[in-house]
$ cat target.txt   # compact mmCIF, C-alpha atoms and all ligand atoms
# COMPACT_ATOMS: atom_id res chain seq x y z
CA MET A 1 26.66 -0.54 -22.61
CA ILE A 2 23.62 -2.25 -21.03
CA LYS A 3 20.45 -0.23 -21.62
CA ILE A 4 17.53 -0.30 -19.15
CA LYS A 5 14.25 1.56 -19.62
CA LEU A 6 12.08 2.59 -16.68
CA PHE A 7 8.35 3.04 -17.26
CA GLY A 8 5.92 4.85 -14.97
CA VAL A 9 8.77 7.02 -13.68
CA ARG A 10 8.14 9.92 -11.33
CA GLU A 11 10.42 12.95 -11.05
CA ASP A 12 11.65 11.87 -7.60
CA GLU A 13 12.91 8.52 -8.97
CA LYS A 14 15.03 9.92 -11.81
CA LYS A 15 18.05 11.16 -9.83
CA ILE A 16 18.21 7.91 -7.85
CA ALA A 17 18.14 5.90 -11.11
CA ARG A 18 20.80 8.10 -12.73
CA ASP A 19 23.11 7.76 -9.70
CA TRP A 20 22.60 3.98 -9.74
CA ALA A 21 23.31 3.89 -13.50
CA LYS A 22 26.57 5.82 -13.06
CA GLN A 23 27.71 3.48 -10.30
CA ASN A 24 26.87 0.37 -12.32
CA GLN A 25 27.99 1.75 -15.69
CA VAL A 26 24.58 1.15 -17.21
CA ASP A 27 22.53 3.44 -19.42
CA VAL A 28 19.02 4.27 -18.11
CA SER A 29 16.20 6.14 -19.81
CA PHE A 30 12.72 7.08 -18.70
CA SER A 31 9.10 7.11 -19.72
CA GLU A 32 6.33 8.53 -17.57
CA GLU A 33 3.87 6.22 -19.31
CA ILE A 34 3.19 2.74 -17.99
CA LEU A 35 3.97 -0.43 -19.91
CA THR A 36 1.24 -1.14 -22.48
CA LEU A 37 0.93 -2.96 -25.77
CA GLU A 38 1.81 0.38 -27.44
CA THR A 39 4.62 1.58 -25.16
CA VAL A 40 6.33 -1.83 -25.16
CA GLU A 41 7.52 -0.91 -28.68
CA GLN A 42 9.77 1.74 -27.09
CA LEU A 43 11.89 -1.17 -25.82
CA LYS A 44 13.48 -1.91 -29.21
CA GLY A 45 17.24 -1.83 -28.63
CA TYR A 46 16.97 -2.13 -24.83
CA ASP A 47 18.21 -4.98 -22.66
CA ALA A 48 15.93 -4.73 -19.64
CA VAL A 49 12.81 -3.05 -18.30
CA SER A 50 11.55 -1.78 -14.96
CA THR A 51 8.05 -0.49 -14.38
CA GLN A 52 5.60 0.55 -11.73
CA GLN A 53 2.34 -0.97 -12.89
CA THR A 54 -0.78 -0.49 -10.82
CA GLY A 55 -3.39 -1.99 -13.18
CA ARG A 56 -3.33 -5.44 -14.78
CA LEU A 57 -0.63 -5.87 -17.47
CA ASP A 58 -1.96 -6.97 -20.88
CA ASP A 59 -1.11 -10.68 -21.30
CA ARG A 60 0.11 -10.12 -24.88
CA ILE A 61 3.03 -7.99 -23.60
CA TYR A 62 5.00 -11.03 -22.37
CA GLU A 63 5.20 -12.53 -25.85
CA ARG A 64 6.20 -9.17 -27.35
CA LEU A 65 8.94 -8.72 -24.75
CA HIS A 66 10.28 -12.17 -25.63
CA GLU A 67 10.31 -11.23 -29.33
CA LEU A 68 12.21 -8.05 -28.45
CA GLY A 69 14.82 -10.16 -26.62
CA ILE A 70 13.91 -8.92 -23.13
CA LYS A 71 14.03 -11.51 -20.37
CA GLN A 72 12.50 -9.78 -17.38
CA ILE A 73 10.25 -7.11 -15.86
CA ALA A 74 11.50 -5.49 -12.64
CA GLN A 75 8.46 -4.12 -10.78
CA ARG A 76 9.22 -1.17 -8.49
CA SER A 77 6.83 -2.20 -5.70
CA ALA A 78 6.07 -5.19 -3.50
CA GLY A 79 2.69 -5.98 -5.14
CA ILE A 80 2.67 -8.43 -8.06
CA ASP A 81 -1.08 -8.90 -8.53
CA MET A 82 -0.91 -6.95 -11.83
CA TYR A 83 1.11 -9.76 -13.47
CA ASN A 84 0.03 -13.10 -14.95
CA LEU A 85 2.99 -15.07 -13.63
CA GLU A 86 2.12 -18.22 -15.58
CA LYS A 87 1.89 -16.32 -18.88
CA ALA A 88 5.16 -14.54 -18.09
CA SER A 89 6.92 -17.87 -17.45
CA GLU A 90 5.46 -19.31 -20.66
CA HIS A 91 7.42 -16.63 -22.53
CA GLN A 92 10.55 -16.94 -20.32
CA ILE A 93 9.98 -13.53 -18.72
CA ILE A 94 11.26 -13.31 -15.13
CA ILE A 95 9.12 -11.02 -12.96
CA SER A 96 10.81 -9.51 -9.92
CA ASN A 97 9.51 -7.20 -7.20
CA VAL A 98 10.98 -5.35 -4.21
CA PRO A 99 9.35 -7.27 -1.36
CA SER A 100 10.63 -5.20 1.53
CA TYR A 101 11.75 -1.64 0.82
CA SER A 102 10.95 0.04 4.12
CA PRO A 103 8.33 -1.53 6.39
CA ASN A 104 8.90 1.39 8.78
CA SER A 105 7.46 3.85 6.28
CA ILE A 106 4.06 2.11 6.26
CA ALA A 107 4.09 1.24 9.97
CA GLU A 108 4.89 4.84 10.95
CA TYR A 109 2.09 6.06 8.69
CA ALA A 110 -0.44 3.64 10.20
CA VAL A 111 0.45 4.90 13.68
CA THR A 112 0.37 8.54 12.53
CA SER A 113 -3.14 8.22 11.11
CA ALA A 114 -4.37 6.31 14.18
CA LEU A 115 -3.06 9.17 16.37
CA GLN A 116 -4.81 11.71 14.16
CA LEU A 117 -8.13 9.88 14.53
CA ILE A 118 -7.77 9.31 18.27
CA ARG A 119 -6.81 12.99 18.81
CA LYS A 120 -9.60 14.10 16.39
CA THR A 121 -7.20 16.38 14.55
CA GLN A 122 -9.38 16.70 11.40
CA LEU A 123 -12.33 17.90 13.46
CA ILE A 124 -10.17 20.25 15.55
CA GLU A 125 -8.70 21.77 12.37
CA LYS A 126 -12.18 22.24 10.93
CA ASN A 127 -13.38 23.94 14.13
CA VAL A 128 -10.31 26.18 14.25
CA ASN A 129 -10.76 27.15 10.59
CA GLU A 130 -14.29 28.23 11.53
CA GLN A 131 -12.82 30.17 14.52
CA ASP A 132 -14.60 27.83 16.93
CA PHE A 133 -12.03 27.51 19.73
CA ARG A 134 -14.28 25.83 22.33
CA TRP A 135 -13.37 22.66 24.24
CA LYS A 136 -16.22 20.19 23.78
CA PRO A 137 -16.89 16.44 24.02
CA THR A 138 -16.66 15.90 20.26
CA ILE A 139 -12.93 16.72 20.34
CA MET A 140 -12.07 15.08 23.65
CA ALA A 141 -9.42 12.39 23.00
CA LYS A 142 -8.20 9.12 24.50
CA GLU A 143 -4.62 8.26 25.42
CA ILE A 144 -2.94 5.49 23.42
CA LYS A 145 -1.36 4.10 26.62
CA SER A 146 -4.82 3.09 27.84
CA LEU A 147 -5.94 1.44 24.59
CA GLU A 148 -5.96 -2.02 23.07
CA ILE A 149 -4.65 -2.26 19.52
CA ALA A 150 -5.43 -5.13 17.13
CA ILE A 151 -2.88 -5.83 14.42
CA ILE A 152 -4.30 -8.06 11.69
CA GLY A 153 -1.44 -9.52 9.65
CA THR A 154 1.74 -9.56 11.69
CA GLY A 155 4.42 -9.77 9.00
CA ARG A 156 7.11 -7.15 8.43
CA ILE A 157 4.86 -4.07 8.58
CA GLY A 158 2.43 -5.41 11.19
CA GLN A 159 5.25 -6.27 13.59
CA ILE A 160 6.81 -2.79 13.39
CA THR A 161 3.38 -1.18 13.83
CA ALA A 162 2.88 -3.35 16.93
CA GLN A 163 6.30 -2.38 18.30
CA ILE A 164 5.62 1.35 17.88
CA PHE A 165 2.22 1.09 19.59
CA SER A 166 3.89 -1.00 22.32
CA ALA A 167 6.29 1.87 22.98
CA PHE A 168 3.25 4.01 23.87
CA GLY A 169 2.38 1.42 26.53
CA ALA A 170 -0.72 0.12 24.69
CA LYS A 171 -1.88 -3.50 24.89
CA ILE A 172 -1.32 -5.25 21.54
CA VAL A 173 -3.40 -8.16 20.33
CA GLY A 174 -3.10 -9.73 16.91
CA TYR A 175 -4.21 -12.25 14.39
CA ASP A 176 -2.25 -13.89 11.61
CA LEU A 177 -2.74 -17.10 9.63
CA TYR A 178 0.82 -17.91 10.73
CA PRO A 179 1.63 -16.28 14.09
CA ASN A 180 5.23 -15.15 14.44
CA GLU A 181 7.14 -16.74 17.36
CA ASP A 182 9.34 -13.69 18.06
CA ALA A 183 6.36 -11.31 17.93
CA LYS A 184 4.67 -13.26 20.74
CA HIS A 185 6.82 -11.17 23.16
CA TYR A 186 4.75 -8.09 22.39
CA ILE A 187 1.62 -9.37 20.57
CA GLU A 188 -1.04 -11.44 22.32
CA TYR A 189 -2.25 -13.65 19.46
CA LYS A 190 -5.97 -14.43 19.22
CA LYS A 191 -7.45 -17.48 17.50
CA SER A 192 -9.63 -15.53 15.03
CA ILE A 193 -9.95 -12.06 13.51
CA GLU A 194 -13.33 -11.70 15.29
CA GLU A 195 -11.68 -12.35 18.66
CA ALA A 196 -8.82 -9.95 17.88
CA VAL A 197 -11.08 -7.04 16.89
CA SER A 198 -13.73 -7.53 19.57
CA GLY A 199 -11.86 -5.74 22.38
CA ALA A 200 -9.73 -3.39 20.28
CA ASP A 201 -9.92 0.41 20.28
CA ILE A 202 -7.77 0.58 17.14
CA VAL A 203 -7.76 -2.09 14.40
CA SER A 204 -4.91 -1.80 11.90
CA ILE A 205 -4.72 -4.23 8.96
CA HIS A 206 -1.43 -5.38 7.39
CA MET A 207 -2.14 -8.45 5.29
CA PRO A 208 -1.84 -8.83 1.51
CA ALA A 209 -4.88 -8.84 -0.77
CA THR A 210 -5.69 -12.39 -1.84
CA GLU A 211 -8.58 -14.10 -3.64
CA ASP A 212 -9.80 -15.31 -0.24
CA ASN A 213 -9.92 -12.01 1.61
CA ASN A 214 -11.90 -9.80 -0.80
CA HIS A 215 -14.31 -7.75 1.41
CA LEU A 216 -13.19 -9.72 4.47
CA PHE A 217 -13.98 -6.58 6.47
CA ASN A 218 -17.71 -6.48 5.80
CA GLU A 219 -20.86 -5.63 7.74
CA SER A 220 -20.73 -8.81 9.79
CA LEU A 221 -17.08 -8.27 10.83
CA PHE A 222 -17.56 -4.55 11.56
CA ASN A 223 -20.44 -5.59 13.85
CA GLN A 224 -17.89 -7.58 15.91
CA PHE A 225 -15.80 -4.43 16.52
CA LYS A 226 -15.80 -2.76 19.93
CA ASP A 227 -18.08 0.30 19.92
CA ASP A 228 -16.24 3.51 19.05
CA ALA A 229 -13.20 1.71 17.57
CA VAL A 230 -11.10 3.26 14.82
CA PHE A 231 -10.06 1.36 11.71
CA ILE A 232 -6.81 1.78 9.79
CA ASN A 233 -6.25 0.34 6.31
CA THR A 234 -2.76 0.77 4.90
CA ALA A 235 -2.94 -2.73 3.35
CA ARG A 236 -5.18 -3.08 0.29
CA GLY A 237 -8.56 -1.60 -0.62
CA SER A 238 -10.13 -4.85 -1.80
CA ILE A 239 -9.96 -6.29 1.74
CA VAL A 240 -12.60 -3.79 2.88
CA ASP A 241 -16.25 -3.45 1.84
CA THR A 242 -16.21 0.35 1.80
CA LYS A 243 -20.02 0.70 1.78
CA ALA A 244 -20.22 -1.47 4.91
CA LEU A 245 -17.52 0.70 6.51
CA ILE A 246 -19.48 3.88 5.75
CA ASN A 247 -22.59 2.28 7.30
CA ALA A 248 -20.57 1.37 10.41
CA LEU A 249 -19.36 5.01 10.63
CA ASN A 250 -22.90 6.33 10.16
CA SER A 251 -24.29 4.06 12.86
CA GLY A 252 -21.54 5.17 15.26
CA LYS A 253 -20.22 1.59 15.62
CA ILE A 254 -16.88 2.82 14.29
CA SER A 255 -15.77 6.33 15.24
CA GLY A 256 -13.19 6.93 12.55
CA ALA A 257 -11.29 5.36 9.67
CA ALA A 258 -8.00 6.06 7.95
CA LEU A 259 -7.89 4.69 4.43
CA ASP A 260 -4.59 4.89 2.58
CA THR A 261 -5.93 2.30 0.16
CA TYR A 262 -9.37 2.10 -1.40
CA GLU A 263 -10.96 -0.65 -3.49
CA ASN A 264 -11.57 1.58 -6.54
CA GLU A 265 -8.41 3.69 -6.24
CA SER A 266 -6.77 2.78 -9.57
CA THR A 267 -8.91 5.32 -11.51
CA TYR A 268 -7.72 8.18 -9.30
CA ILE A 269 -4.35 7.35 -7.78
CA PRO A 270 -1.79 8.78 -8.31
CA LYS A 271 -3.40 11.35 -10.64
CA ASP A 272 -4.31 15.04 -10.57
CA PHE A 273 -8.09 15.48 -10.31
CA ARG A 274 -8.06 19.12 -9.15
CA ASN A 275 -10.17 20.36 -12.06
CA THR A 276 -12.16 17.20 -12.70
CA ASP A 277 -15.31 15.90 -11.07
CA ILE A 278 -15.02 12.61 -9.25
CA ASP A 279 -17.49 10.14 -10.67
CA ASP A 280 -17.51 7.81 -7.67
CA PRO A 281 -20.10 8.59 -4.99
CA ILE A 282 -18.35 6.40 -2.40
CA LEU A 283 -15.06 8.26 -2.83
CA VAL A 284 -16.87 11.62 -2.76
CA GLU A 285 -18.50 10.56 0.51
CA LEU A 286 -15.17 9.47 2.03
CA LEU A 287 -13.53 12.77 1.06
CA SER A 288 -16.32 14.81 2.65
CA ARG A 289 -16.16 13.25 6.11
CA THR A 290 -14.23 14.56 9.14
CA ASP A 291 -14.21 11.04 10.63
CA VAL A 292 -12.32 9.64 7.62
CA ILE A 293 -8.72 10.32 6.70
CA PHE A 294 -8.35 9.42 3.04
CA THR A 295 -4.86 9.41 1.55
CA PRO A 296 -3.67 8.40 -1.94
CA HIS A 297 -1.71 5.21 -1.17
CA ILE A 298 1.21 7.21 0.24
CA ALA A 299 2.02 5.25 3.39
CA PHE A 300 5.13 3.94 1.62
CA TYR A 301 6.19 7.34 0.30
CA THR A 302 9.41 8.25 2.12
CA GLY A 303 12.84 9.05 0.68
CA THR A 304 14.28 5.82 2.09
CA ALA A 305 11.52 3.69 0.57
CA VAL A 306 11.73 5.32 -2.88
CA ARG A 307 15.52 4.84 -3.00
CA ASN A 308 15.21 1.19 -1.96
CA LEU A 309 12.48 0.61 -4.56
CA VAL A 310 14.41 2.10 -7.49
CA GLU A 311 17.75 0.54 -6.56
CA GLY A 312 16.15 -2.81 -5.66
CA ALA A 313 14.35 -3.08 -9.00
CA LEU A 314 17.40 -2.03 -11.04
CA ASP A 315 19.65 -4.45 -9.11
CA ALA A 316 17.19 -7.24 -9.97
CA ALA A 317 17.12 -6.27 -13.67
CA LEU A 318 20.93 -6.23 -13.83
CA SER A 319 21.19 -9.54 -11.99
CA VAL A 320 18.89 -11.24 -14.53
CA LEU A 321 21.05 -9.89 -17.36
CA LYS A 322 24.30 -11.02 -15.72
CA THR A 323 23.29 -14.32 -14.08
CA GLY A 324 19.99 -15.35 -15.66
CA SER A 325 18.06 -14.89 -12.41
CA CYS A 326 17.70 -12.69 -9.32
CA MET A 327 16.95 -13.08 -5.60
CA THR A 328 13.60 -11.30 -5.89
CA ARG A 329 12.08 -13.22 -8.81
CA VAL A 330 8.46 -14.20 -8.16
CA ASN A 331 7.86 -16.71 -10.99
P1 LIG A 401 4.33 -9.66 4.92
O1 LIG A 401 4.23 -10.71 3.88
O2 LIG A 401 5.63 -9.50 5.65
O3 LIG A 401 3.18 -9.89 6.03
C1 LIG A 401 1.86 -10.17 5.72
C2 LIG A 401 1.30 -11.02 6.86
O4 LIG A 401 -0.10 -11.17 6.64
C3 LIG A 401 1.90 -12.44 6.92
O5 LIG A 401 2.37 -12.68 8.22
C4 LIG A 401 0.72 -13.34 6.53
O6 LIG A 401 0.77 -14.60 7.20
C5 LIG A 401 -0.44 -12.50 7.00
N1 LIG A 401 -1.72 -12.83 6.35
C6 LIG A 401 -1.96 -13.16 5.06
N2 LIG A 401 -3.29 -13.34 4.86
C7 LIG A 401 -3.90 -13.13 6.06
C8 LIG A 401 -5.22 -13.17 6.51
N3 LIG A 401 -6.23 -13.44 5.67
N4 LIG A 401 -5.47 -12.91 7.81
C9 LIG A 401 -4.46 -12.61 8.65
N5 LIG A 401 -3.17 -12.55 8.30
C10 LIG A 401 -2.89 -12.81 7.01
O7 LIG A 401 3.89 -8.33 4.21
P2 LIG A 401 4.26 -6.83 4.66
O8 LIG A 401 5.54 -6.42 4.02
O9 LIG A 401 4.10 -6.70 6.13
O10 LIG A 401 3.10 -6.02 3.88
C11 LIG A 401 1.75 -6.16 4.27
C12 LIG A 401 0.86 -5.50 3.25
O11 LIG A 401 1.00 -4.09 3.31
C13 LIG A 401 1.20 -5.79 1.78
O12 LIG A 401 0.71 -7.05 1.38
C14 LIG A 401 0.56 -4.66 1.05
O13 LIG A 401 -0.77 -5.03 0.74
C15 LIG A 401 0.56 -3.53 2.08
N6 LIG A 401 1.44 -2.41 1.68
C16 LIG A 401 0.90 -1.17 1.61
C17 LIG A 401 1.69 -0.09 1.25
C18 LIG A 401 1.15 1.32 1.22
O14 LIG A 401 1.84 2.24 0.76
N7 LIG A 401 -0.05 1.58 1.69
C19 LIG A 401 3.03 -0.30 0.93
C20 LIG A 401 3.55 -1.58 1.02
C21 LIG A 401 2.75 -2.65 1.40
$ encode --input "target.txt" --output "structure tokens"
Amino acid sequence: MIKIKLFGVREDEKKIARDWAKQNQVDVSFSEEILTLETVEQLKGYDAVSTQQTGRLDDRIYERLHELGIKQIAQRSAGIDMYNLEKASEHQIIISNVPSYSPNSIAEYAVTSALQLIRKTQLIEKNVNEQDFRWKPTIMAKEIKSLEIAIIGTGRIGQITAQIFSAFGAKIVGYDLYPNEDAKHYIEYKKSIEEAVSGADIVSIHMPATEDNNHLFNESLFNQFKDDAVFINTARGSIVDTKALINALNSGKISGAALDTYENESTYIPKDFRNTDIDDPILVELLSRTDVIFTPHIAFYTGTAVRNLVEGALDAALSVLKTGSCMTRVN
């Protein structure tokens, strides 16, 4: 029987993997550890591997996989920046991902956190916890219907986010390197990011992290924002200069931010730090603020998305074994 090992497995993935294995008459086993130069040795006697890497994979692992007779790595996420695709190809290792597992999960989360910021729910909760039940200007909200929303990156997730905000009656503007023809029905495309953000009450970013867009959202771009705007990042932490964002919050230029991703998140997410000090003053600052909603990269985390991720990765692994390739290979 074909044997597949899953690394970086969470409890919620195991039942889905076991059900898939039963249906496909494959044997699956699990490790909670990620794939490293040490754990790769656990693959002796296996036919295929799936993992959920967040940090960079050691380049020497590709050669070792080849020696062990393994032909692929099936990543259980969309991101592939942790792989050296050239090195993988050099050792005939096919890398696959799950490019689209549920764009709704992230889009719905982006809208949820924007609503929380606009309705000042964190501040209201804090007041209520202190038994301060007064109505005051600091908790007065706006209505989404009267707002302009900028969607930066109008691919799968950006388009759904735009559609949901559209349903509220908001005006949607957008920017993308490659504007989408169909989305022009509900997104007014602008010629630059600066133009898109300049009139927006909510700016929500949905583009991938690339070498070109590291700290794209910096002091100079935040200065182009409309006063009092809120900023939503469910894309990637590296796109945002977090110090510049904190300065923009302190100066009152930006009134709130929801960060589901953070540039230095890999040390902390998804780990339990309840009894450990956080050695990152920027993160400590973000966690202490009522104008910031910080979440641990969970915009994707719905039952539908997790099922699609596990099944999509295992389908890809099996396809490589049976046909020598798969639809979702990235190298
Ligand atoms: P997609 O490929 O469908 O769309 C991305 C869009 O961004 C494309 O239209 C592309 O042309 C555009 N783009 C690329 N670089 C740009 C730039 N510099 N300026 C403007 N537009 C640019 O991707 P998607 O499925 O919509 O996912 C978007 C991003 O969401 C992912 O790359 C990932 O970083 C992030 N994501 C986050 C989570 C989470 O849990 N927080 C989960 C999945 C994906």
$ closest_residue --input "target.txt" --among "A:Leu245, A:Val98, A:Leu147, A:Val284" --to "ligand LIG 401 (chain A)" --atoms "all atoms listed in the file"
A:Val98
$ residues_near_ligand --input "target.txt" --ligand "ligand LIG 401 (chain A)" --cutoff "9 Å" --atoms "only C-alpha atoms and all ligand atoms" --output "PyMOL selection string"
chain A and resi 77-79+99-103+105-107+109-110+152-160+174-180+192-193+205-210+212-213+216+233-237+239+259-261+296-301
$ write_last_selection --input "target.txt" --atoms "C-alpha atoms" --output "short mmCIF file (atom, residue, chain, number, x, y, z; two decimals), in the coordinates of the input"
data_model
loop_
_atom_site.label_atom_id
_atom_site.label_comp_id
_atom_site.auth_asym_id
_atom_site.auth_seq_id
_atom_site.Cartn_x
_atom_site.Cartn_y
_atom_site.Cartn_z
CA SER A 77 6.83 -2.20 -5.70
CA ALA A 78 6.07 -5.19 -3.50
CA GLY A 79 2.69 -5.98 -5.14
CA PRO A 99 9.35 -7.27 -1.36
CA SER A 100 10.63 -5.20 1.53
CA TYR A 101 11.75 -1.64 0.82
CA SER A 102 10.95 0.04 4.12
CA PRO A 103 8.33 -1.53 6.39
CA SER A 105 7.46 3.85 6.28
CA ILE A 106 4.06 2.11 6.26
CA ALA A 107 4.09 1.24 9.97
CA TYR A 109 2.09 6.06 8.69
CA ALA A 110 -0.44 3.64 10.20
CA ILE A 152 -4.30 -8.06 11.69
CA GLY A 153 -1.44 -9.52 9.65
CA THR A 154 1.74 -9.56 11.69
CA GLY A 155 4.42 -9.77 9.00
CA ARG A 156 7.11 -7.15 8.43
CA ILE A 157 4.86 -4.07 8.58
CA GLY A 158 2.43 -5.41 11.19
CA GLN A 159 5.25 -6.27 13.59
CA ILE A 160 6.81 -2.79 13.39
CA GLY A 174 -3.10 -9.73 16.91
CA TYR A 175 -4.21 -12.25 14.39
CA ASP A 176 -2.25 -13.89 11.61
CA LEU A 177 -2.74 -17.10 9.63
CA TYR A 178 0.82 -17.91 10.73
CA PRO A 179 1.63 -16.28 14.09
CA ASN A 180 5.23 -15.15 14.44
CA SER A 192 -9.63 -15.53 15.03
CA ILE A 193 -9.95 -12.06 13.51
CA ILE A 205 -4.72 -4.23 8.96
CA HIS A 206 -1.43 -5.38 7.39
CA MET A 207 -2.14 -8.45 5.29
CA PRO A 208 -1.84 -8.83 1.51
CA ALA A 209 -4.88 -8.84 -0.77
CA THR A 210 -5.69 -12.39 -1.84
CA ASP A 212 -9.80 -15.31 -0.24
CA ASN A 213 -9.92 -12.01 1.61
CA LEU A 216 -13.19 -9.72 4.47
CA ASN A 233 -6.25 0.34 6.31
CA THR A 234 -2.76 0.77 4.90
CA ALA A 235 -2.94 -2.73 3.35
CA ARG A 236 -5.18 -3.08 0.29
CA GLY A 237 -8.56 -1.60 -0.62
CA ILE A 239 -9.96 -6.29 1.74
CA LEU A 259 -7.89 4.69 4.43
CA ASP A 260 -4.59 4.89 2.58
CA THR A 261 -5.93 2.30 0.16
CA PRO A 296 -3.67 8.40 -1.94
CA HIS A 297 -1.71 5.21 -1.17
CA ILE A 298 1.21 7.21 0.24
CA ALA A 299 2.02 5.25 3.39
CA PHE A 300 5.13 3.94 1.62
CA TYR A 301 6.19 7.34 0.30
#
$ closest_residue --input "target.txt" --among "A:Ile73, A:Val306, A:Leu35, A:Val9" --to "A:Cys326" --atoms "only C-alpha atoms"
A:Ile73
$ closest_residue --input "target.txt" --among "A:Arg274, A:Lys22, A:Arg10, A:Lys71" --to "A:Thr323" --atoms "all atoms listed in the file"
A:Lys71
$ residues_around --input "target.txt" --residues "A:Val292" --least-positions-apart "5" --cutoff "7 Å" --atoms "only C-alpha atoms" --output "PyMOL selection string"
chain A and resi 256-258+286
$ atom_distance --input "target.txt" --atom1 "atom CA of A:Val310" --atom2 "atom CA of A:Asn24"
13.5 Å
$ closest_residue --input "target.txt" --among "A:Gly312, A:Glu143, A:Asn214, A:Asp291" --to "A:Ile16" --atoms "all atoms listed in the file"
A:Gly312
$ residues_around --input "target.txt" --residues "A:Glu311" --least-positions-apart "6" --cutoff "10 Å" --atoms "all atoms listed in the file" --output "PyMOL selection string"
chain A and resi 13+16-17+19-21+76+98+101+305+317
$ closest_residue --input "target.txt" --among "A:Ile2, A:Tyr46, A:Val111, A:Met140" --to "A:Phe168" --atoms "only C-alpha atoms"
A:Val111
$ residues_near_point --input "target.txt" --point "(-17.8, 4.9, -2.5)" --cutoff "9 Å" --atoms "only C-alpha atoms" --output "MDAnalysis selection string"
chainID A and resid 242:243 246 262:264 280:286
$ build_atoms --input "target.txt" --residues "stretch 118-131 of chain A" --atoms "N, CA, C and O atoms" --output "short mmCIF file (atom, residue, chain, number, x, y, z; two decimals), in the frame of the given file"
data_model
loop_
_atom_site.label_atom_id
_atom_site.label_comp_id
_atom_site.auth_asym_id
_atom_site.auth_seq_id
_atom_site.Cartn_x
_atom_site.Cartn_y
_atom_site.Cartn_z
N ILE A 118 -7.53 9.35 16.82
CA ILE A 118 -7.77 9.31 18.27
C ILE A 118 -7.77 10.73 18.85
O ILE A 118 -8.56 11.05 19.73
N ARG A 119 -6.88 11.60 18.30
CA ARG A 119 -6.81 12.99 18.81
C ARG A 119 -7.76 13.91 18.06
O ARG A 119 -7.78 15.11 18.29
N LYS A 120 -8.56 13.36 17.13
CA LYS A 120 -9.60 14.10 16.39
C LYS A 120 -9.04 15.32 15.67
O LYS A 120 -9.66 16.40 15.65
N THR A 121 -7.87 15.19 15.11
CA THR A 121 -7.20 16.38 14.55
C THR A 121 -7.99 16.98 13.37
O THR A 121 -8.00 18.21 13.22
N GLN A 122 -8.62 16.14 12.56
CA GLN A 122 -9.38 16.70 11.40
C GLN A 122 -10.50 17.60 11.89
O GLN A 122 -10.74 18.67 11.36
N LEU A 123 -11.21 17.13 12.94
CA LEU A 123 -12.33 17.90 13.46
C LEU A 123 -11.85 19.19 14.15
O LEU A 123 -12.44 20.26 13.98
N ILE A 124 -10.72 19.06 14.87
CA ILE A 124 -10.17 20.25 15.55
C ILE A 124 -9.77 21.30 14.51
O ILE A 124 -10.08 22.48 14.64
N GLU A 125 -9.12 20.84 13.44
CA GLU A 125 -8.70 21.77 12.37
C GLU A 125 -9.91 22.46 11.75
O GLU A 125 -9.89 23.66 11.48
N LYS A 126 -10.97 21.67 11.54
CA LYS A 126 -12.18 22.24 10.93
C LYS A 126 -12.76 23.30 11.87
O LYS A 126 -13.09 24.42 11.44
N ASN A 127 -12.86 22.97 13.16
CA ASN A 127 -13.38 23.94 14.13
C ASN A 127 -12.54 25.22 14.14
O ASN A 127 -13.06 26.33 14.12
N VAL A 128 -11.21 25.02 14.18
CA VAL A 128 -10.31 26.18 14.25
C VAL A 128 -10.45 27.04 12.99
O VAL A 128 -10.48 28.27 13.07
N ASN A 129 -10.57 26.39 11.83
CA ASN A 129 -10.76 27.15 10.59
C ASN A 129 -12.03 27.98 10.62
O ASN A 129 -12.13 29.03 9.99
N GLU A 130 -13.02 27.48 11.40
CA GLU A 130 -14.29 28.23 11.53
C GLU A 130 -14.23 29.18 12.74
O GLU A 130 -15.24 29.74 13.16
N GLN A 131 -13.06 29.32 13.33
CA GLN A 131 -12.82 30.17 14.52
C GLN A 131 -13.67 29.72 15.71
O GLN A 131 -14.08 30.51 16.55
#
